[in-house]
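Structure file protein-v4.txt with compact mmCIF, C-alpha atoms:
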# COMPACT_ATOMS: atom_id res chain seq x y z
CA MET A 1 59.06 4.01 65.28
CA THR A 2 57.08 3.15 68.33
CA GLN A 3 55.69 -0.31 69.01
CA GLN A 4 52.20 0.98 68.38
CA GLU A 5 53.21 2.39 64.99
CA GLU A 6 54.88 -0.89 64.08
CA ASN A 7 51.72 -2.78 64.96
CA LYS A 8 49.65 -0.42 62.82
CA THR A 9 52.05 -0.80 59.90
CA GLY A 10 52.00 -4.57 60.25
CA SER A 11 48.23 -4.65 60.43
CA GLY A 12 47.99 -2.42 57.37
CA THR A 13 50.31 -4.72 55.42
CA LYS A 14 48.27 -7.76 56.39
CA ILE A 15 45.04 -6.05 55.34
CA LYS A 16 46.57 -5.14 51.99
CA LYS A 17 47.72 -8.74 51.47
CA VAL A 18 44.28 -10.12 52.34
CA ARG A 19 42.63 -7.54 50.08
CA ASN A 20 44.97 -8.39 47.20
CA ILE A 21 44.30 -12.08 47.66
CA LEU A 22 40.53 -11.48 47.69
CA LEU A 23 40.74 -9.31 44.57
CA LYS A 24 42.74 -12.03 42.80
CA ILE A 25 40.19 -14.67 43.82
CA ILE A 26 37.29 -12.49 42.67
CA GLY A 27 39.13 -11.72 39.42
CA ALA A 28 39.75 -15.44 38.83
CA ILE A 29 36.07 -16.23 39.50
CA VAL A 30 34.93 -13.51 37.08
CA ILE A 31 37.33 -14.77 34.39
CA ALA A 32 36.13 -18.35 34.97
CA ILE A 33 32.48 -17.27 34.65
CA VAL A 34 33.19 -15.30 31.46
CA LEU A 35 35.09 -18.25 29.97
CA PHE A 36 32.32 -20.64 30.99
CA LEU A 37 29.61 -18.46 29.43
CA GLY A 38 31.73 -18.03 26.31
CA ILE A 39 32.18 -21.78 25.93
CA VAL A 40 28.45 -22.38 26.53
CA TYR A 41 27.53 -19.73 23.96
CA ILE A 42 29.92 -21.01 21.28
CA THR A 43 28.85 -24.62 21.91
CA ASN A 44 25.20 -23.60 21.52
CA VAL A 45 25.86 -21.78 18.24
CA MET A 46 27.83 -24.70 16.81
CA SER A 47 25.35 -27.31 18.03
CA SER A 48 22.38 -25.36 16.65
CA HIS A 49 24.06 -25.10 13.27
CA SER A 50 24.87 -28.82 13.27
CA GLU A 51 21.40 -29.89 14.43
CA GLN A 52 19.65 -27.75 11.84
CA LYS A 53 21.20 -29.94 9.15
CA ARG A 54 20.12 -33.15 10.92
CA ILE A 55 16.45 -32.29 11.41
CA VAL A 56 14.39 -34.53 9.15
CA PRO A 57 11.36 -32.78 7.59
CA TYR A 58 7.91 -34.26 8.19
CA GLY A 59 4.42 -33.15 7.20
CA GLN A 60 3.80 -30.42 4.64
CA HIS A 61 3.93 -26.65 4.51
CA VAL A 62 0.78 -24.55 4.11
CA SER A 63 0.95 -20.85 3.27
CA VAL A 64 -0.67 -18.75 6.00
CA ASP A 65 -0.27 -14.99 6.19
CA GLY A 66 2.67 -15.20 3.80
CA LYS A 67 4.54 -17.71 5.99
CA ASN A 68 4.90 -21.47 6.13
CA MET A 69 2.87 -23.40 8.68
CA ASN A 70 3.74 -27.08 9.03
CA VAL A 71 0.91 -29.62 9.10
CA LEU A 72 1.23 -33.38 9.51
CA ILE A 73 -1.59 -35.46 8.00
CA GLN A 74 -1.90 -39.19 8.66
CA GLY A 75 -4.77 -41.61 8.00
CA GLU A 76 -7.59 -41.68 5.47
CA GLY A 77 -10.70 -42.08 7.61
CA GLU A 78 -13.99 -40.45 6.65
CA GLU A 79 -13.96 -38.31 9.80
CA THR A 80 -11.17 -35.83 10.52
CA ILE A 81 -9.48 -34.97 13.81
CA VAL A 82 -7.48 -31.74 14.06
CA LEU A 83 -4.82 -31.86 16.78
CA LEU A 84 -3.45 -28.72 18.47
CA PRO A 85 -0.57 -28.60 20.98
CA GLY A 86 -0.19 -27.27 24.48
CA TYR A 87 1.94 -24.21 25.10
CA GLY A 88 5.65 -24.81 24.61
CA THR A 89 5.32 -28.26 23.03
CA ALA A 90 8.23 -27.62 20.70
CA THR A 91 7.45 -30.27 18.08
CA PRO A 92 3.72 -31.13 18.07
CA GLY A 93 3.75 -33.40 15.01
CA LEU A 94 6.18 -35.75 16.76
CA ASP A 95 4.96 -35.19 20.32
CA PHE A 96 1.51 -36.47 19.28
CA LYS A 97 3.01 -39.40 17.31
CA LEU A 98 1.89 -42.18 19.68
CA LEU A 99 -1.68 -40.86 19.72
CA ILE A 100 -1.71 -40.20 15.97
CA ASP A 101 -0.64 -43.80 15.31
CA GLU A 102 -3.59 -45.02 17.39
CA LEU A 103 -6.14 -42.70 15.76
CA SER A 104 -5.03 -42.80 12.13
CA PRO A 105 -6.37 -46.29 11.29
CA PHE A 106 -9.87 -44.89 11.93
CA TYR A 107 -9.60 -41.14 11.25
CA LYS A 108 -7.82 -38.64 9.09
CA VAL A 109 -5.59 -36.95 11.67
CA VAL A 110 -4.29 -33.43 11.05
CA ALA A 111 -1.64 -32.17 13.50
CA VAL A 112 -1.22 -28.43 13.08
CA GLU A 113 2.01 -26.79 14.24
CA PRO A 114 1.26 -23.11 14.97
CA PHE A 115 3.86 -20.47 14.13
CA GLY A 116 6.93 -20.86 16.34
CA TYR A 117 6.31 -24.60 16.81
CA GLY A 118 7.72 -27.67 15.10
CA LEU A 119 8.83 -26.94 11.55
CA SER A 120 6.62 -23.88 11.12
CA ASP A 121 8.01 -20.39 10.59
CA GLU A 122 8.08 -17.81 13.34
CA THR A 123 5.94 -14.68 13.15
CA GLU A 124 6.04 -11.15 14.50
CA LYS A 125 2.25 -11.06 14.77
CA LYS A 126 1.01 -10.86 18.37
CA ARG A 127 0.11 -14.22 19.87
CA THR A 128 -3.42 -13.32 20.85
CA THR A 129 -6.13 -15.98 20.83
CA GLU A 130 -7.73 -14.16 17.91
CA ASN A 131 -4.59 -14.38 15.76
CA LEU A 132 -3.75 -17.96 16.74
CA VAL A 133 -7.27 -19.20 16.01
CA SER A 134 -7.45 -17.31 12.72
CA GLU A 135 -4.11 -18.75 11.54
CA VAL A 136 -5.04 -22.36 12.35
CA HIS A 137 -8.37 -21.92 10.59
CA GLU A 138 -6.67 -20.46 7.54
CA ALA A 139 -4.31 -23.47 7.39
CA LEU A 140 -7.30 -25.83 7.42
CA GLN A 141 -9.04 -23.79 4.75
CA GLN A 142 -5.96 -24.04 2.54
CA LEU A 143 -6.17 -27.84 2.94
CA ASN A 144 -9.93 -27.88 2.19
CA ILE A 145 -10.66 -29.30 5.63
CA ASN A 146 -14.10 -28.02 6.58
CA ARG A 147 -15.59 -30.59 9.01
CA TYR A 148 -13.59 -32.00 11.90
CA MET A 149 -13.30 -32.80 15.57
CA LEU A 150 -11.00 -30.36 17.37
CA MET A 151 -8.70 -32.13 19.80
CA GLY A 152 -6.02 -30.40 21.81
CA HIS A 153 -3.71 -30.45 24.77
CA SER A 154 -3.43 -27.96 27.62
CA ILE A 155 -3.78 -24.33 26.42
CA THR A 156 -5.90 -25.53 23.49
CA GLY A 157 -8.66 -25.42 26.09
CA ILE A 158 -8.37 -21.62 25.89
CA TYR A 159 -7.88 -21.28 22.14
CA GLY A 160 -10.34 -24.10 21.44
CA ILE A 161 -13.30 -22.61 23.29
CA ASP A 162 -12.87 -19.47 21.17
CA TYR A 163 -12.44 -21.56 18.02
CA VAL A 164 -15.61 -23.62 18.39
CA ASN A 165 -17.67 -20.47 18.99
CA LYS A 166 -16.24 -18.79 15.90
CA TYR A 167 -16.63 -21.79 13.59
CA PRO A 168 -19.60 -23.77 14.95
CA ASN A 169 -20.55 -25.11 11.53
CA GLU A 170 -17.16 -26.74 11.08
CA VAL A 171 -16.34 -28.31 14.46
CA THR A 172 -18.21 -31.56 15.16
CA ALA A 173 -16.81 -32.14 18.67
CA PHE A 174 -14.16 -30.86 21.09
CA VAL A 175 -11.79 -33.24 22.83
CA GLY A 176 -9.50 -31.86 25.53
CA ILE A 177 -6.33 -33.59 26.73
CA ASP A 178 -5.85 -32.14 30.22
CA SER A 179 -7.02 -28.91 28.65
CA SER A 180 -6.79 -25.52 30.35
CA VAL A 181 -9.85 -23.84 31.85
CA ALA A 182 -10.17 -20.05 31.70
CA THR A 183 -11.06 -19.74 35.38
CA GLN A 184 -8.25 -21.92 36.74
CA PRO A 185 -6.23 -20.09 39.41
CA GLY A 186 -2.75 -18.65 38.97
CA MET A 187 -2.95 -17.57 35.33
CA ASP A 188 -2.56 -13.85 36.05
CA ILE A 189 1.17 -14.41 36.55
CA LYS A 190 3.78 -12.23 34.86
CA PHE A 191 6.56 -14.34 33.39
CA PRO A 192 10.26 -13.29 33.41
CA LEU A 193 10.46 -13.05 29.62
CA LYS A 194 13.88 -11.37 29.52
CA THR A 195 15.36 -14.11 31.68
CA PHE A 196 13.98 -16.81 29.39
CA ALA A 197 15.30 -14.94 26.33
CA PHE A 198 18.76 -14.73 27.94
CA LEU A 199 18.75 -18.43 28.77
CA LYS A 200 17.90 -19.21 25.15
CA LYS A 201 20.43 -16.91 23.48
CA SER A 202 23.27 -17.60 25.91
CA GLY A 203 23.06 -21.36 25.46
CA LEU A 204 22.33 -21.95 29.14
CA LEU A 205 18.92 -23.35 28.23
CA ARG A 206 20.52 -26.02 26.05
CA LEU A 207 22.92 -26.87 28.87
CA THR A 208 20.07 -27.07 31.39
CA MET A 209 18.06 -29.35 29.12
CA LYS A 210 21.10 -31.56 28.55
CA ILE A 211 21.85 -32.13 32.24
CA SER A 212 18.17 -32.42 33.26
CA ALA A 213 16.32 -35.71 33.46
CA ASP A 214 15.30 -37.12 30.08
CA PRO A 215 11.60 -36.21 29.63
CA TYR A 216 11.13 -39.12 27.20
CA ALA A 217 12.73 -41.83 29.35
CA GLY A 218 10.50 -44.87 29.68
CA LEU A 219 8.03 -43.70 27.03
CA ALA A 220 7.10 -45.62 23.88
CA PHE A 221 8.82 -43.25 21.42
CA ASP A 222 11.55 -44.78 19.25
CA GLU A 223 15.10 -43.44 19.50
CA LYS A 224 15.06 -41.56 16.20
CA THR A 225 11.86 -39.71 17.14
CA VAL A 226 13.29 -38.77 20.54
CA GLU A 227 16.48 -37.48 18.90
CA GLN A 228 14.45 -35.33 16.50
CA MET A 229 12.22 -33.99 19.28
CA LYS A 230 15.23 -32.97 21.35
CA MET A 231 16.88 -31.17 18.43
CA ILE A 232 13.71 -29.32 17.48
CA SER A 233 13.15 -28.45 21.14
CA ASN A 234 16.61 -26.86 21.24
CA LYS A 235 15.64 -24.84 18.17
CA ASN A 236 12.19 -23.70 19.27
CA MET A 237 12.18 -23.45 23.06
CA TYR A 238 11.73 -19.81 24.12
CA ASN A 239 12.00 -18.46 20.59
CA ASP A 240 10.63 -14.95 20.03
CA THR A 241 7.24 -16.23 18.84
CA THR A 242 6.54 -18.50 21.81
CA LEU A 243 7.85 -15.86 24.23
CA ASN A 244 5.30 -13.46 22.77
CA GLU A 245 2.65 -16.12 23.29
CA MET A 246 3.79 -16.43 26.90
CA GLU A 247 3.42 -12.65 27.26
CA HIS A 248 -0.22 -12.97 26.16
CA ILE A 249 -1.12 -16.00 28.29
CA SER A 250 -2.71 -13.96 31.07
CA SER A 251 -4.82 -11.80 28.73
CA ASN A 252 -5.78 -14.83 26.61
CA PHE A 253 -7.04 -16.66 29.71
CA LYS A 254 -8.93 -13.56 30.84
CA GLY A 255 -10.50 -13.15 27.40
CA ALA A 256 -11.83 -16.71 27.48
CA GLN A 257 -13.61 -16.32 30.82
CA GLY A 258 -16.82 -15.09 29.22
CA LEU A 259 -17.02 -18.05 26.83
CA THR A 260 -18.72 -21.43 27.18
CA PHE A 261 -18.80 -24.45 24.91
CA PRO A 262 -21.97 -24.63 22.79
CA LYS A 263 -24.53 -26.86 24.54
CA ASP A 264 -25.08 -29.07 21.49
CA LEU A 265 -21.36 -29.59 20.82
CA PRO A 266 -20.14 -33.05 21.91
CA LEU A 267 -17.53 -32.41 24.61
CA LEU A 268 -15.05 -35.05 25.80
CA LEU A 269 -12.45 -34.03 28.38
CA PHE A 270 -9.57 -36.26 29.45
CA VAL A 271 -8.36 -34.92 32.79
CA GLN A 272 -5.33 -35.69 34.93
CA ALA A 273 -6.66 -37.40 38.05
CA ASN A 274 -3.89 -36.31 40.41
CA ASN A 275 -3.15 -32.69 39.49
CA GLU A 276 -1.94 -31.23 42.79
CA GLY A 277 -0.74 -27.98 41.22
CA VAL A 278 -4.16 -26.57 40.33
CA ALA A 279 -6.91 -26.43 42.97
CA GLY A 280 -10.20 -27.98 41.88
CA TRP A 281 -8.81 -29.29 38.58
CA ILE A 282 -11.45 -31.98 38.07
CA PRO A 283 -14.42 -29.84 39.23
CA LEU A 284 -13.31 -27.10 36.82
CA HIS A 285 -13.73 -29.52 33.92
CA GLU A 286 -16.95 -30.97 35.27
CA GLY A 287 -18.28 -27.42 35.28
CA GLN A 288 -17.51 -27.13 31.57
CA ILE A 289 -19.69 -30.12 30.63
CA LYS A 290 -22.61 -29.57 33.04
CA ASP A 291 -24.82 -27.92 30.41
CA SER A 292 -23.67 -30.04 27.47
CA VAL A 293 -26.12 -32.36 25.79
CA HIS A 294 -23.21 -34.73 25.13
CA GLY A 295 -20.49 -34.02 27.72
CA LYS A 296 -18.13 -36.39 29.47
CA VAL A 297 -15.10 -36.11 31.77
CA VAL A 298 -12.66 -39.04 31.85
CA THR A 299 -10.05 -38.92 34.60
CA MET A 300 -6.70 -40.60 34.00
CA ASP A 301 -3.64 -41.28 36.13
CA GLY A 302 -0.58 -39.75 34.55
CA SER A 303 1.32 -36.55 33.90
CA HIS A 304 -0.06 -33.41 32.23
CA TYR A 305 1.03 -34.98 28.92
CA LEU A 306 -1.56 -37.75 29.15
CA HIS A 307 -1.15 -38.60 25.47
CA HIS A 308 2.42 -39.79 26.16
CA THR A 309 1.23 -42.72 28.26
CA LYS A 310 -2.56 -43.02 27.78
CA PHE A 311 -2.65 -42.79 23.97
CA LYS A 312 -4.38 -46.15 23.53
CA GLU A 313 -7.07 -45.33 26.11
CA ILE A 314 -7.62 -41.84 24.66
CA ALA A 315 -8.04 -43.18 21.11
CA LYS A 316 -10.44 -45.90 22.25
CA ASN A 317 -12.53 -43.48 24.32
CA VAL A 318 -12.79 -41.04 21.41
CA ARG A 319 -14.13 -43.75 19.11
CA VAL A 320 -16.67 -44.99 21.66
CA PHE A 321 -17.80 -41.48 22.56
CA MET A 322 -18.32 -40.41 18.96
CA LYS A 323 -20.38 -43.53 18.26
CA GLU A 324 -22.55 -42.77 21.30
CA VAL A 325 -23.33 -39.20 20.23
CA LYS A 326 -24.30 -40.07 16.66

Could you rewrite the structure in this file as structure tokens?
Amino acid sequence: MTQQEENKTGSGTKIKKVRNILLKIIGAIVIAIVLFLGIVYITNVMSSHSEQKRIVPYGQHVSVDGKNMNVLIQGEGEETIVLLPGYGTATPGLDFKLLIDELSPFYKVVAVEPFGYGLSDETEKKRTTENLVSEVHEALQQLNINRYMLMGHSITGIYGIDYVNKYPNEVTAFVGIDSSVATQPGMDIKFPLKTFAFLKKSGLLRLTMKISADPYAGLAFDEKTVEQMKMISNKNMYNDTTLNEMEHISSNFKGAQGLTFPKDLPLLLFVQANNEGVAGWIPLHEGQIKDSVHGKVVTMDGSHYLHHTKFKEIAKNVRVFMKEVK
């Protein structure tokens, strides 16, 4: 064998060794990933089963469309406030607790948990504004609640503007808590629904939530409430019903663009003062009240979930505002 042939043979052997080592490393990485995903999945299944037993019921079930919708009622005031959540607020009845406690000495407060939220059932019915509004209204009808202020967070600005136009003889005022506006930019986005579904079913969502910063740290919720909210969030986040709602977000926003609040409907909007994510956030809300006989925008420093930190101020402003418009 010539020197050149020996060099080629030696080089070939080295290449094979390097290739074998790389294949072993890749194989080990793949096995590690599969084991990791398997552990995450099994942990999620076991944890979900365990948590389901530890969730403490609250509120009451109302039959809507053959399914159970959970509604929390607190307070015995002459006037009624109906509270609706923002998109993805997994447990509305508890998420609104601080605000409900401030309002309930003066009002009858009714926190409705739409299908897919809180302790309500899921549904296969499309999450269009029309269906969502109809279901909430049916729940209130079942409870014989026929006159009320409609108060809601975030996407309730979209569902609410449809609601007050459909049931003008029932709604006495609309109160928005950093509520969405149909013409706000960026709502024509297409969400990666399959990715979110995978994160949910694989258990990676639970893991992500566990290692992420505590969203309730420093807030006034007691420990038991926080524990319940976290467990119900694990149950509801990105379930099939709320994913379907996410799929309809763009069309629901578009459908609301031709609507305005009735001029004679008292309109109180609490708006995040420092929202850097949406251009013209405050002017968008000021535009909603410009033709209202009784319209007011109140800016507040805080996160999108203003009712987590400004619950006392919100409750006080609602009482003052409603006295002024009478």

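The closest residue to Leu37 of chain A, picked from A:Ile25, A:Leu267, A:Leu98, A:Leu199 and counting only C-alpha atoms, is A:Leu199.
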
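Interatomic distance, atom CA of Ile161 of chain A against atom CA of Pro105 of chain A: 27.4 Å.
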
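Using all atoms listed in the file, the smallest distance between any of A:Leu265, A:Ala279, A:Ile249, A:Met149 and Arg319 of chain A comes from A:Met149.
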
Tell me, as a short mmCIF file (atom, residue, chain, number, x, y, z; two decimals) with C-alpha atoms, in the coordinates of the input, which residues lie within 12 Å of Asn144 of chain A, counting all atoms listed in the file; anything in the same chain fewer than 5 positions away does not count.
data_model
loop_
_atom_site.label_atom_id
_atom_site.label_comp_id
_atom_site.auth_asym_id
_atom_site.auth_seq_id
_atom_site.Cartn_x
_atom_site.Cartn_y
_atom_site.Cartn_z
CA VAL A 62 0.78 -24.55 4.11
CA THR A 80 -11.17 -35.83 10.52
CA VAL A 110 -4.29 -33.43 11.05
CA HIS A 137 -8.37 -21.92 10.59
CA GLU A 138 -6.67 -20.46 7.54
CA ALA A 139 -4.31 -23.47 7.39
CA GLU A 170 -17.16 -26.74 11.08
#

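For Met209 of chain A, the residues within 12 Å (counting all atoms listed in the file, excluding itself and residues fewer than 2 positions away along the chain) are Asn44, Leu199, Lys200, Gly203, Leu204, Leu205, Arg206, Leu207, Ile211, Ser212, Ala213, Asp214, Pro215, Lys230, Met231, Ser233, Asn234 and Met237 of chain A.
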
Dump as a compact mmCIF listing (two decimals), in the frame of the given file, selection limited to C-alpha atoms:
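And here is the file that came out, out36.txt:
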# COMPACT_ATOMS: atom_id res chain seq x y z
CA ASN A 44 25.20 -23.60 21.52
CA LEU A 199 18.75 -18.43 28.77
CA LYS A 200 17.90 -19.21 25.15
CA GLY A 203 23.06 -21.36 25.46
CA LEU A 204 22.33 -21.95 29.14
CA LEU A 205 18.92 -23.35 28.23
CA ARG A 206 20.52 -26.02 26.05
CA LEU A 207 22.92 -26.87 28.87
CA ILE A 211 21.85 -32.13 32.24
CA SER A 212 18.17 -32.42 33.26
CA ALA A 213 16.32 -35.71 33.46
CA ASP A 214 15.30 -37.12 30.08
CA PRO A 215 11.60 -36.21 29.63
CA LYS A 230 15.23 -32.97 21.35
CA MET A 231 16.88 -31.17 18.43
CA SER A 233 13.15 -28.45 21.14
CA ASN A 234 16.61 -26.86 21.24
CA MET A 237 12.18 -23.45 23.06

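Nearest to Ile155 of chain A of all the residues A:Val56, A:Val226, A:Ala256, A:Leu243 is A:Ala256, based on all atoms listed in the file.
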
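Near (-10.2, -18.3, 39.2), the residues that fall inside 12 Å on the basis of only C-alpha atoms are Ser180, Val181, Ala182, Thr183, Gln184, Pro185, Gly186, Met187, Asp188, Ser250, Phe253, Lys254, Ala256, Gln257, Val278, Ala279, Gly280, Trp281 and Leu284 of chain A.
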
Selection from above, C-alpha atoms, as a PDB file, in the frame of the given file, can you write it?
ATOM      1  CA  SER A 180      -6.790 -25.520  30.350  1.00  0.00           C
ATOM      2  CA  VAL A 181      -9.850 -23.840  31.850  1.00  0.00           C
ATOM      3  CA  ALA A 182     -10.170 -20.050  31.700  1.00  0.00           C
ATOM      4  CA  THR A 183     -11.060 -19.740  35.380  1.00  0.00           C
ATOM      5  CA  GLN A 184      -8.250 -21.920  36.740  1.00  0.00           C
ATOM      6  CA  PRO A 185      -6.230 -20.090  39.410  1.00  0.00           C
ATOM      7  CA  GLY A 186      -2.750 -18.650  38.970  1.00  0.00           C
ATOM      8  CA  MET A 187      -2.950 -17.570  35.330  1.00  0.00           C
ATOM      9  CA  ASP A 188      -2.560 -13.850  36.050  1.00  0.00           C
ATOM     10  CA  SER A 250      -2.710 -13.960  31.070  1.00  0.00           C
ATOM     11  CA  PHE A 253      -7.040 -16.660  29.710  1.00  0.00           C
ATOM     12  CA  LYS A 254      -8.930 -13.560  30.840  1.00  0.00           C
ATOM     13  CA  ALA A 256     -11.830 -16.710  27.480  1.00  0.00           C
ATOM     14  CA  GLN A 257     -13.610 -16.320  30.820  1.00  0.00           C
ATOM     15  CA  VAL A 278      -4.160 -26.570  40.330  1.00  0.00           C
ATOM     16  CA  ALA A 279      -6.910 -26.430  42.970  1.00  0.00           C
ATOM     17  CA  GLY A 280     -10.200 -27.980  41.880  1.00  0.00           C
ATOM     18  CA  TRP A 281      -8.810 -29.290  38.580  1.00  0.00           C
ATOM     19  CA  LEU A 284     -13.310 -27.100  36.820  1.00  0.00           C
TER      20      LEU A 284
END

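In this model, the gap between atom CA of Gln60 of chain A and atom CA of Arg147 of chain A comes to 19.9 Å.
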
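Comparing A:Thr260, A:Phe321, A:Tyr305, A:Thr13 by their smallest distance to Leu219 of chain A, the closest is A:Tyr305 (using only C-alpha atoms).
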